[in-house]
>>> print(open('final-v1.pdb').read())   # PDB, C-alpha atoms, pLDDT in the B column
ATOM      1  CA  MET A  16       5.321   6.858  21.648  1.00 64.00           C
ATOM      2  CA  VAL A  17       3.090   3.841  21.015  1.00 57.00           C
ATOM      3  CA  PRO A  18       1.724   2.344  17.781  1.00 62.00           C
ATOM      4  CA  VAL A  19      -1.712   3.558  16.786  1.00 56.00           C
ATOM      5  CA  GLN A  20      -4.478   0.976  17.136  1.00 50.00           C
ATOM      6  CA  LEU A  21      -6.094   0.615  13.727  1.00 52.00           C
ATOM      7  CA  ALA A  22      -9.327  -0.915  12.539  1.00 43.00           C
ATOM      8  CA  PRO A  23      -9.392  -3.668   9.873  1.00 41.00           C
ATOM      9  CA  PRO A  24      -9.576  -2.665   6.164  1.00 38.00           C
ATOM     10  CA  THR A  25     -13.362  -3.094   6.062  1.00 35.00           C
ATOM     11  CA  SER A  26     -13.908  -0.911   9.119  1.00 41.00           C
ATOM     12  CA  VAL A  27     -17.253   0.610  10.002  1.00 36.00           C
ATOM     13  CA  ALA A  28     -15.529   3.994   9.993  1.00 38.00           C
ATOM     14  CA  LEU A  29     -14.618   3.730   6.309  1.00 41.00           C
ATOM     15  CA  LYS A  30     -18.136   2.647   5.383  1.00 44.00           C
ATOM     16  CA  ARG A  31     -19.555   5.524   7.402  1.00 41.00           C
ATOM     17  CA  VAL A  32     -17.384   8.103   5.653  1.00 41.00           C
ATOM     18  CA  GLN A  33     -18.293   6.590   2.283  1.00 42.00           C
ATOM     19  CA  THR A  34     -21.915   7.570   2.844  1.00 42.00           C
ATOM     20  CA  THR A  35     -23.109  11.158   2.920  1.00 37.00           C
ATOM     21  CA  ALA A  36     -25.664  12.585   5.334  1.00 33.00           C
ATOM     22  CA  LYS A  37     -28.365  11.939   2.751  1.00 36.00           C
ATOM     23  CA  GLY A  38     -27.407   8.293   2.539  1.00 37.00           C
ATOM     24  CA  LYS A  39     -25.972   8.498  -0.960  1.00 38.00           C
ATOM     25  CA  LEU A  40     -22.757   6.652  -1.753  1.00 48.00           C
ATOM     26  CA  ASN A  41     -19.817   9.015  -2.053  1.00 64.00           C
ATOM     27  CA  ARG A  42     -17.301   8.768  -4.869  1.00 79.00           C
ATOM     28  CA  ILE A  43     -14.801   6.710  -2.870  1.00 83.00           C
ATOM     29  CA  ASP A  44     -13.179   3.414  -3.821  1.00 81.00           C
ATOM     30  CA  PRO A  45     -12.482   0.521  -1.393  1.00 81.00           C
ATOM     31  CA  TYR A  46      -9.021   1.924  -0.622  1.00 84.00           C
ATOM     32  CA  GLY A  47     -10.367   5.287   0.515  1.00 86.00           C
ATOM     33  CA  PHE A  48      -9.489   7.325  -2.596  1.00 84.00           C
ATOM     34  CA  GLU A  49     -11.955   9.903  -3.822  1.00 81.00           C
ATOM     35  CA  ARG A  50     -12.719   9.451  -7.537  1.00 78.00           C
ATOM     36  CA  ARG A  51     -14.331  12.746  -8.439  1.00 75.00           C
ATOM     37  CA  ASP A  52     -13.837  12.539 -12.198  1.00 76.00           C
ATOM     38  CA  ASP A  53     -13.952   8.850 -13.070  1.00 78.00           C
ATOM     39  CA  PHE A  54     -16.218   7.259 -10.478  1.00 78.00           C
ATOM     40  CA  GLU A  55     -18.918   6.119 -12.917  1.00 80.00           C
ATOM     41  CA  PRO A  56     -16.503   4.354 -15.336  1.00 82.00           C
ATOM     42  CA  TYR A  57     -14.699   2.895 -12.318  1.00 77.00           C
ATOM     43  CA  LYS A  58     -17.965   1.604 -10.832  1.00 79.00           C
ATOM     44  CA  GLU A  59     -18.992   0.113 -14.159  1.00 82.00           C
ATOM     45  CA  MET A  60     -15.643  -1.637 -14.542  1.00 81.00           C
ATOM     46  CA  MET A  61     -15.786  -3.033 -11.000  1.00 79.00           C
ATOM     47  CA  ASN A  62     -19.338  -4.290 -11.496  1.00 82.00           C
ATOM     48  CA  GLU A  63     -18.105  -6.347 -14.451  1.00 81.00           C
ATOM     49  CA  TYR A  64     -14.969  -7.455 -12.623  1.00 81.00           C
ATOM     50  CA  VAL A  65     -16.562  -8.432  -9.300  1.00 84.00           C
ATOM     51  CA  ALA A  66     -17.280 -12.009 -10.402  1.00 85.00           C
ATOM     52  CA  VAL A  67     -13.588 -12.537 -11.182  1.00 86.00           C
ATOM     53  CA  LEU A  68     -12.569 -11.053  -7.829  1.00 85.00           C
ATOM     54  CA  ASN A  69     -15.023 -13.263  -5.963  1.00 88.00           C
ATOM     55  CA  ARG A  70     -13.722 -16.408  -7.666  1.00 88.00           C
ATOM     56  CA  ARG A  71     -10.153 -15.501  -6.833  1.00 88.00           C
ATOM     57  CA  SER A  72     -11.039 -14.665  -3.252  1.00 88.00           C
ATOM     58  CA  LYS A  73     -12.686 -18.078  -2.750  1.00 90.00           C
ATOM     59  CA  ARG A  74      -9.682 -19.879  -4.245  1.00 88.00           C
ATOM     60  CA  TRP A  75      -7.258 -17.961  -2.015  1.00 87.00           C
ATOM     61  CA  SER A  76      -9.401 -18.597   1.055  1.00 88.00           C
ATOM     62  CA  LYS A  77      -9.438 -22.319   0.304  1.00 86.00           C
ATOM     63  CA  LEU A  78      -5.666 -22.335  -0.302  1.00 84.00           C
ATOM     64  CA  LEU A  79      -4.883 -20.532   2.954  1.00 83.00           C
ATOM     65  CA  GLN A  80      -7.503 -22.291   5.075  1.00 81.00           C
ATOM     66  CA  ASP A  81      -6.093 -23.531   8.395  1.00 64.00           C
ATOM     67  CA  LYS A  82      -2.517 -22.709   7.337  1.00 69.00           C
ATOM     68  CA  PRO A  83      -0.555 -20.470   9.733  1.00 66.00           C
ATOM     69  CA  THR A  84       2.138 -19.901   7.108  1.00 74.00           C
ATOM     70  CA  VAL A  85       2.128 -19.363   3.356  1.00 78.00           C
ATOM     71  CA  GLU A  86       3.784 -22.129   1.384  1.00 78.00           C
ATOM     72  CA  LYS A  87       5.926 -21.033  -1.553  1.00 78.00           C
ATOM     73  CA  ASN A  88       4.961 -23.383  -4.372  1.00 83.00           C
ATOM     74  CA  ILE A  89       3.809 -23.427  -7.998  1.00 87.00           C
ATOM     75  CA  THR A  90       0.150 -22.946  -7.083  1.00 84.00           C
ATOM     76  CA  VAL A  91       0.849 -19.887  -4.944  1.00 84.00           C
ATOM     77  CA  LYS A  92       3.073 -18.413  -7.656  1.00 85.00           C
ATOM     78  CA  ARG A  93       0.317 -18.882 -10.251  1.00 87.00           C
ATOM     79  CA  TYR A  94      -2.267 -17.307  -7.960  1.00 87.00           C
ATOM     80  CA  VAL A  95       0.013 -14.355  -7.207  1.00 86.00           C
ATOM     81  CA  ARG A  96       0.534 -13.637 -10.883  1.00 86.00           C
ATOM     82  CA  LYS A  97      -3.224 -13.387 -11.361  1.00 85.00           C
ATOM     83  CA  GLY A  98      -3.565 -11.023  -8.424  1.00 85.00           C
ATOM     84  CA  VAL A  99      -3.927 -11.293  -4.655  1.00 88.00           C
ATOM     85  CA  PRO A 100      -7.350 -10.300  -3.242  1.00 87.00           C
ATOM     86  CA  ASN A 101      -7.237  -7.324  -0.909  1.00 87.00           C
ATOM     87  CA  GLU A 102      -8.278  -9.343   2.133  1.00 88.00           C
ATOM     88  CA  HIS A 103      -5.278 -11.691   1.722  1.00 89.00           C
ATOM     89  CA  ARG A 104      -2.747  -9.181   0.404  1.00 89.00           C
ATOM     90  CA  ALA A 105      -1.039  -8.281   3.686  1.00 92.00           C
ATOM     91  CA  LYS A 106      -0.445 -11.927   4.609  1.00 89.00           C
ATOM     92  CA  ILE A 107       0.936 -12.830   1.180  1.00 89.00           C
ATOM     93  CA  TRP A 108       3.156  -9.748   0.970  1.00 89.00           C
ATOM     94  CA  MET A 109       4.565 -10.393   4.436  1.00 92.00           C
ATOM     95  CA  ALA A 110       5.369 -14.017   3.569  1.00 88.00           C
ATOM     96  CA  ALA A 111       6.719 -13.492   0.038  1.00 85.00           C
ATOM     97  CA  SER A 112       8.964 -10.553   0.979  1.00 88.00           C
ATOM     98  CA  GLY A 113      10.482 -12.137   4.071  1.00 90.00           C
ATOM     99  CA  ALA A 114       9.018  -9.378   6.242  1.00 93.00           C
ATOM    100  CA  GLN A 115       7.118 -11.867   8.420  1.00 92.00           C
ATOM    101  CA  GLU A 116      10.352 -13.680   9.251  1.00 93.00           C
ATOM    102  CA  GLN A 117      11.993 -10.411  10.322  1.00 95.00           C
ATOM    103  CA  LEU A 118       8.998  -9.414  12.443  1.00 96.00           C
ATOM    104  CA  GLU A 119       9.020 -12.738  14.277  1.00 94.00           C
ATOM    105  CA  ALA A 120      12.819 -12.743  14.660  1.00 95.00           C
ATOM    106  CA  LYS A 121      12.872  -9.274  16.273  1.00 95.00           C
ATOM    107  CA  PRO A 122       9.872  -8.958  18.596  1.00 94.00           C
ATOM    108  CA  GLY A 123       9.606  -5.518  20.180  1.00 95.00           C
ATOM    109  CA  TYR A 124      12.173  -3.966  17.840  1.00 96.00           C
ATOM    110  CA  TYR A 125       9.695  -1.633  16.137  1.00 96.00           C
ATOM    111  CA  GLN A 126       8.388  -0.426  19.485  1.00 95.00           C
ATOM    112  CA  SER A 127      11.955   0.249  20.663  1.00 95.00           C
ATOM    113  CA  LEU A 128      12.526   2.519  17.646  1.00 95.00           C
ATOM    114  CA  LEU A 129       9.460   4.547  18.572  1.00 94.00           C
ATOM    115  CA  GLU A 130      10.565   4.886  22.185  1.00 94.00           C
ATOM    116  CA  MET A 131      14.132   6.025  21.488  1.00 93.00           C
ATOM    117  CA  GLU A 132      15.224   9.658  21.298  1.00 91.00           C
ATOM    118  CA  HIS A 133      14.459  10.941  17.809  1.00 90.00           C
ATOM    119  CA  ASP A 134      16.451  13.193  15.522  1.00 89.00           C
ATOM    120  CA  ALA A 135      14.766  16.606  15.353  1.00 92.00           C
ATOM    121  CA  LYS A 136      15.592  17.175  11.665  1.00 92.00           C
ATOM    122  CA  LEU A 137      14.211  13.771  10.712  1.00 92.00           C
ATOM    123  CA  LYS A 138      10.980  14.482  12.586  1.00 92.00           C
ATOM    124  CA  GLU A 139      10.583  17.866  10.894  1.00 93.00           C
ATOM    125  CA  THR A 140      11.242  16.470   7.409  1.00 91.00           C
ATOM    126  CA  ILE A 141       8.693  13.673   7.826  1.00 93.00           C
ATOM    127  CA  HIS A 142       6.131  15.989   9.381  1.00 91.00           C
ATOM    128  CA  THR A 143       6.403  18.318   6.363  1.00 90.00           C
ATOM    129  CA  ASP A 144       5.290  15.526   4.021  1.00 87.00           C
ATOM    130  CA  MET A 145       2.335  14.343   6.090  1.00 89.00           C
ATOM    131  CA  HIS A 146      -0.258  16.609   4.498  1.00 86.00           C
ATOM    132  CA  ARG A 147       1.105  15.784   1.032  1.00 86.00           C
ATOM    133  CA  THR A 148       0.497  12.060   1.404  1.00 88.00           C
ATOM    134  CA  PHE A 149      -2.560  10.947  -0.569  1.00 88.00           C
ATOM    135  CA  PRO A 150      -4.513  14.194  -0.015  1.00 85.00           C
ATOM    136  CA  ASP A 151      -7.473  12.690  -1.909  1.00 83.00           C
ATOM    137  CA  ASN A 152      -7.674   9.680   0.429  1.00 88.00           C
ATOM    138  CA  ILE A 153     -10.146   9.974   3.289  1.00 87.00           C
ATOM    139  CA  LEU A 154      -8.025   7.735   5.528  1.00 87.00           C
ATOM    140  CA  PHE A 155      -5.148  10.219   5.500  1.00 85.00           C
ATOM    141  CA  LYS A 156      -7.155  13.356   6.128  1.00 76.00           C
ATOM    142  CA  SER A 157      -6.602  14.647   9.639  1.00 62.00           C
ATOM    143  CA  ARG A 158     -10.355  14.929  10.215  1.00 54.00           C
ATOM    144  CA  ALA A 159     -10.979  11.299   9.219  1.00 53.00           C
ATOM    145  CA  GLU A 160     -12.079   8.951  11.972  1.00 49.00           C
ATOM    146  CA  GLU A 161      -9.431   6.295  12.691  1.00 56.00           C
ATOM    147  CA  GLY A 162      -7.127   8.143  10.288  1.00 74.00           C
ATOM    148  CA  LEU A 163      -3.732   6.820   9.238  1.00 87.00           C
ATOM    149  CA  GLN A 164      -1.615  10.002   9.421  1.00 89.00           C
ATOM    150  CA  LYS A 165      -0.239   9.348  12.905  1.00 90.00           C
ATOM    151  CA  ALA A 166       0.448   5.701  12.147  1.00 92.00           C
ATOM    152  CA  LEU A 167       2.203   6.670   8.898  1.00 94.00           C
ATOM    153  CA  TYR A 168       4.347   9.178  10.790  1.00 94.00           C
ATOM    154  CA  ASN A 169       5.369   6.460  13.261  1.00 95.00           C
ATOM    155  CA  VAL A 170       6.381   4.044  10.486  1.00 96.00           C
ATOM    156  CA  LEU A 171       8.491   6.632   8.657  1.00 95.00           C
ATOM    157  CA  LEU A 172      10.134   7.851  11.858  1.00 95.00           C
ATOM    158  CA  ALA A 173      10.991   4.319  12.945  1.00 96.00           C
ATOM    159  CA  TYR A 174      12.373   3.433   9.525  1.00 94.00           C
ATOM    160  CA  GLY A 175      14.465   6.623   9.406  1.00 92.00           C
ATOM    161  CA  HIS A 176      16.250   5.520  12.586  1.00 94.00           C
ATOM    162  CA  HIS A 177      16.375   1.871  11.549  1.00 94.00           C
ATOM    163  CA  ASN A 178      18.070   2.563   8.203  1.00 90.00           C
ATOM    164  CA  GLN A 179      20.217   5.589   8.943  1.00 88.00           C
ATOM    165  CA  THR A 180      22.101   5.233   5.646  1.00 83.00           C
ATOM    166  CA  VAL A 181      18.930   6.152   3.797  1.00 82.00           C
ATOM    167  CA  GLY A 182      17.025   7.912   6.559  1.00 86.00           C
ATOM    168  CA  TYR A 183      14.006   9.544   4.975  1.00 87.00           C
ATOM    169  CA  CYS A 184      13.599  10.926   1.476  1.00 83.00           C
ATOM    170  CA  GLN A 185      10.601  12.215  -0.431  1.00 78.00           C
ATOM    171  CA  GLY A 186       8.525   9.459  -1.930  1.00 82.00           C
ATOM    172  CA  MET A 187       8.859   7.101   1.016  1.00 87.00           C
ATOM    173  CA  ASN A 188       5.656   8.548   2.453  1.00 90.00           C
ATOM    174  CA  PHE A 189       3.677   7.204  -0.512  1.00 90.00           C
ATOM    175  CA  ILE A 190       5.289   3.758  -0.274  1.00 90.00           C
ATOM    176  CA  ALA A 191       4.592   3.540   3.450  1.00 93.00           C
ATOM    177  CA  GLY A 192       1.153   5.086   2.960  1.00 93.00           C
ATOM    178  CA  TYR A 193       0.069   2.423   0.493  1.00 92.00           C
ATOM    179  CA  LEU A 194       1.405  -0.310   2.755  1.00 93.00           C
ATOM    180  CA  MET A 195      -0.641   1.182   5.598  1.00 93.00           C
ATOM    181  CA  ILE A 196      -3.785   1.182   3.455  1.00 92.00           C
ATOM    182  CA  ILE A 197      -3.365  -2.530   2.784  1.00 92.00           C
ATOM    183  CA  THR A 198      -2.100  -3.819   6.132  1.00 93.00           C
ATOM    184  CA  LYS A 199      -3.735  -1.357   8.567  1.00 91.00           C
ATOM    185  CA  ASP A 200      -0.821  -2.360  10.820  1.00 94.00           C
ATOM    186  CA  GLU A 201       2.192  -0.215  11.706  1.00 94.00           C
ATOM    187  CA  GLU A 202       4.636  -2.999  12.460  1.00 96.00           C
ATOM    188  CA  GLN A 203       3.776  -4.979   9.337  1.00 96.00           C
ATOM    189  CA  SER A 204       4.133  -1.833   7.219  1.00 96.00           C
ATOM    190  CA  PHE A 205       7.511  -1.117   8.829  1.00 97.00           C
ATOM    191  CA  TRP A 206       8.903  -4.557   8.033  1.00 97.00           C
ATOM    192  CA  LEU A 207       7.502  -4.437   4.489  1.00 95.00           C
ATOM    193  CA  MET A 208       9.288  -1.078   4.095  1.00 92.00           C
ATOM    194  CA  ASP A 209      12.472  -2.728   5.285  1.00 93.00           C
ATOM    195  CA  ALA A 210      12.042  -5.578   2.798  1.00 92.00           C
ATOM    196  CA  LEU A 211      11.426  -3.181  -0.099  1.00 88.00           C
ATOM    197  CA  LEU A 212      13.936  -0.425   0.600  1.00 87.00           C
ATOM    198  CA  GLY A 213      16.503  -2.371   2.562  1.00 84.00           C
ATOM    199  CA  ARG A 214      16.763  -5.448   0.355  1.00 82.00           C
ATOM    200  CA  ILE A 215      14.574  -5.682  -2.764  1.00 74.00           C
ATOM    201  CA  LEU A 216      15.055  -2.100  -4.014  1.00 71.00           C
ATOM    202  CA  GLN A 217      18.100  -1.196  -1.934  1.00 63.00           C
ATOM    203  CA  VAL A 218      20.222   0.041  -4.829  1.00 58.00           C
ATOM    204  CA  PHE A 219      17.620   2.611  -5.879  1.00 61.00           C
ATOM    205  CA  PHE A 220      17.854   4.367  -2.524  1.00 61.00           C
ATOM    206  CA  THR A 221      21.631   4.191  -2.043  1.00 58.00           C
ATOM    207  CA  ASP A 222      23.050   4.923  -5.521  1.00 58.00           C
ATOM    208  CA  PRO A 223      22.165   8.447  -6.786  1.00 58.00           C
ATOM    209  CA  VAL A 224      23.263   7.664 -10.364  1.00 60.00           C
ATOM    210  CA  ILE A 225      20.889   4.714 -10.652  1.00 57.00           C
ATOM    211  CA  CYS A 226      18.129   6.793  -9.079  1.00 58.00           C
ATOM    212  CA  TYR A 227      18.619   9.502 -11.714  1.00 58.00           C
ATOM    213  CA  PHE A 228      18.399   7.086 -14.640  1.00 59.00           C
ATOM    214  CA  LEU A 229      15.439   5.274 -13.063  1.00 60.00           C
ATOM    215  CA  ASP A 230      13.542   8.561 -12.713  1.00 62.00           C
ATOM    216  CA  ALA A 231      14.293   9.449 -16.326  1.00 66.00           C
ATOM    217  CA  PHE A 232      13.179   6.011 -17.551  1.00 62.00           C
ATOM    218  CA  LEU A 233       9.939   6.139 -15.566  1.00 65.00           C
ATOM    219  CA  MET A 234       9.142   9.614 -16.884  1.00 68.00           C
ATOM    220  CA  VAL A 235       9.651   8.540 -20.518  1.00 68.00           C
ATOM    221  CA  TYR A 236       7.667   5.334 -19.897  1.00 63.00           C
ATOM    222  CA  CYS A 237       4.723   7.210 -18.354  1.00 70.00           C
ATOM    223  CA  ILE A 238       4.639   9.741 -21.197  1.00 72.00           C
ATOM    224  CA  ALA A 239       4.708   6.959 -23.815  1.00 69.00           C
ATOM    225  CA  ALA A 240       2.047   4.914 -22.002  1.00 66.00           C
ATOM    226  CA  THR A 241      -0.224   7.944 -21.668  1.00 64.00           C
ATOM    227  CA  ALA A 242       0.174   8.808 -25.341  1.00 65.00           C
ATOM    228  CA  LEU A 243      -0.626   5.211 -26.340  1.00 59.00           C
ATOM    229  CA  PHE A 244      -3.693   5.184 -24.086  1.00 55.00           C
ATOM    230  CA  PHE A 245      -5.228   8.261 -25.678  1.00 54.00           C
ATOM    231  CA  ARG A 246      -4.251   7.284 -29.221  1.00 54.00           C
ATOM    232  CA  GLU A 247      -5.678   3.795 -29.063  1.00 52.00           C
ATOM    233  CA  LYS A 248      -8.490   4.643 -26.614  1.00 46.00           C
ATOM    234  CA  VAL A 249      -7.635   1.602 -24.586  1.00 46.00           C
ATOM    235  CA  SER A 250     -10.606   0.102 -22.760  1.00 46.00           C
ATOM    236  CA  VAL A 251     -10.490  -2.270 -19.841  1.00 42.00           C
ATOM    237  CA  SER A 252     -11.573  -5.814 -20.658  1.00 42.00           C
ATOM    238  CA  THR A 253     -12.278  -8.617 -18.224  1.00 42.00           C
ATOM    239  CA  LYS A 254     -12.784 -11.406 -20.725  1.00 46.00           C
ATOM    240  CA  ASN A 255      -9.360 -12.968 -20.101  1.00 48.00           C
ATOM    241  CA  ALA A 256      -8.835 -11.704 -16.596  1.00 51.00           C
ATOM    242  CA  ASP A 257      -9.207 -15.034 -14.866  1.00 56.00           C
TER     243      ASP A 257
END
>>> encode(input="final-v1.pdb", output="structure tokens")
Amino acid sequence: MVPVQLAPPTSVALKRVQTTAKGKLNRIDPYGFERRDDFEPYKEMMNEYVAVLNRRSKRWSKLLQDKPTVEKNITVKRYVRKGVPNEHRAKIWMAASGAQEQLEAKPGYYQSLLEMEHDAKLKETIHTDMHRTFPDNILFKSRAEEGLQKALYNVLLAYGHHNQTVGYCQGMNFIAGYLMIITKDEEQSFWLMDALLGRILQVFFTDPVICYFLDAFLMVYCIAATALFFREKVSVSTKNAD
């Protein structure tokens, strides 16, 4: 089994799928998600926000220019808190999480996990969740050109053998799926998974009691946030975004 060769985030394939046969723009955002019900408000918001994004992108490009590594300093921290542009997100995430260090320290390790003999139950469990992963994202539909389903399967299978204490559990497919959308790289997504689940959020995947209370807290938080949104009719503002 070999890693799937993926195109960059701004691939021609994604642009092609975004346009219908009649040449009209489909209701798809830059990450590949179909926005059937809120595309017009989303487009209006992004049109207002694009100037902010462009300014940030230029600042990040200048900061990272000719630097093979990302320096951890006050400027980078301030920039991160304001938001990392999509084109720089993979590099910053890899550096800030320590995933880049692990990747460079263990060359070939990810490939070795793919080539080993795999547990049949693990394969079946992961395969079951493939069609459930971002069903409204064109990059994860089996018919999509240069789709991410196979690459996502590889990442989850490799991680299940890498971290046998956790293995695979429902929800990991969405974490790995989002990482794949951003990085378009299996090995980077694998090491980011390891940083998140193996170190940063380790306790949430190894202690069932904490997981239970976390789920309950998130449910209450989402209900309260949704109620507040509809009561106050919160609108997105970009006045103080930058």
>>> closest_residue(input="final-v1.pdb", among="A:Cys184, A:Leu172, A:Thr198, A:Phe155", to="Ala135 in chain A", atoms="all atoms listed in the file")
A:Leu172
>>> resolve_selection(input="final-v1.pdb", expression="the PyMOL selection byres ((chain A and resi 109) around 10)", output="MDAnalysis selection string")
chainID A and resid 85 104:108 110:118 198 203:204 206:207 210
>>> closest_residue(input="final-v1.pdb", among="A:Phe205, A:Gly47, A:Arg74, A:Met187", to="Tyr124 in chain A", atoms="all atoms listed in the file")
A:Phe205
>>> atom_distance(input="final-v1.pdb", atom1="CA of Asn101 in chain A", atom2="CA of Glu202 in chain A")
18.4 Å
>>> atom_distance(input="final-v1.pdb", atom1="CA of Thr90 in chain A", atom2="CA of Val65 in chain A")
22.2 Å
>>> atom_distance(input="final-v1.pdb", atom1="CA of Lys92 in chain A", atom2="CA of Cys237 in chain A")
27.8 Å
>>> residues_around(input="final-v1.pdb", residues="Trp75 in chain A", least_positions_apart="5", cutoff="8 Å", atoms="only C-alpha atoms", output="ChimeraX atom specification")
/A:94,99-100,103
>>> closest_residue(input="final-v1.pdb", among="A:Met131, A:Val181, A:Met208, A:Val91", to="Tyr193 in chain A", atoms="all atoms listed in the file")
A:Met208
>>> resolve_selection(input="final-v1.pdb", expression="the PyMOL selection byres ((chain A and resi 49) around 12)", output="number ranges by chain")
A: 32-33, 40-48, 50-54, 57, 149-156
